[in-house]
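S.K.: First, the structure itself, so that you have it in front of you.
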Amino acid sequence: MPFGVFADIEGQPDAIALMEITTLPSGSELPAVAVWLDAVVVDHVAHNFQVRLRPAGTRNPA
C-alpha cells in the first residue's frame, strides 16, 4: 500500500501488523511480497490484534 506494508506475524495468525512508510529509512523501497522482515513492535491494540511495526535497527521517531 502507498502508506506502508501489512505483515503477517509468525505464530500470531489473528494479528494485523502494519509498518508505516514513515518508519522506513529515507529513500528505501517497500519490501517485496513474501520477504521476511526484521521488525520491532512499537504499539499494539489487544482487543482487535492490531500491531504497529518499525524496522529493527531504526530509531523510533521523536
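Residue numbers start at 1 in each chain; chains themselves are named A, B, ... in the order of the C-alpha cells; ligands are numbered from 1 in the order shown.
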Can you list, as a PyMOL selection string, every protein, DNA or RNA residue that comes within 10 Å of Pro2 (chain A) when you count only C-alpha atoms, leaving out same-chain residues fewer than 6 positions away?
M.R.: chain A and resi 20-21+30
S.K.: Can you pull out every residue within 10 Å of Val5 (chain A), counting only C-alpha atoms, but drop anything in the same chain fewer than 6 positions away, and send it as a compact mmCIF listing (two decimals) with C-alpha atoms, in the first residue's frame?
M.R.:
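See selection.txt below for the written result:
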```txt
# COMPACT_ATOMS: atom_id res chain seq x y z
CA ALA A 17 0.53 -5.76 11.51
CA LEU A 18 1.41 -2.53 9.73
CA MET A 19 4.83 -0.98 9.11
CA GLU A 20 4.18 2.61 8.06
CA ILE A 21 6.24 4.06 5.22
CA LEU A 30 8.87 -1.04 0.16
CA PRO A 31 9.75 -4.70 0.76
CA ALA A 32 8.55 -7.21 -1.83
CA VAL A 33 5.74 -9.68 -1.12
CA LEU A 53 5.92 -2.20 13.50
```
S.K.: If you run DSSP on this backbone, which residues of region 3-62 of chain A come out as strand (DSSP E), and could you give them as a PyMOL selection string?
M.R.: chain A and resi 4-9+12-20+39-45+50-55
S.K.: To one decimal in Å, tell me the separation between CA of His47 (chain A) and CA of Leu24 (chain A).
M.R.: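 One can read the CA of His47 (chain A) to CA of Leu24 (chain A) distance as 26.8 Å.
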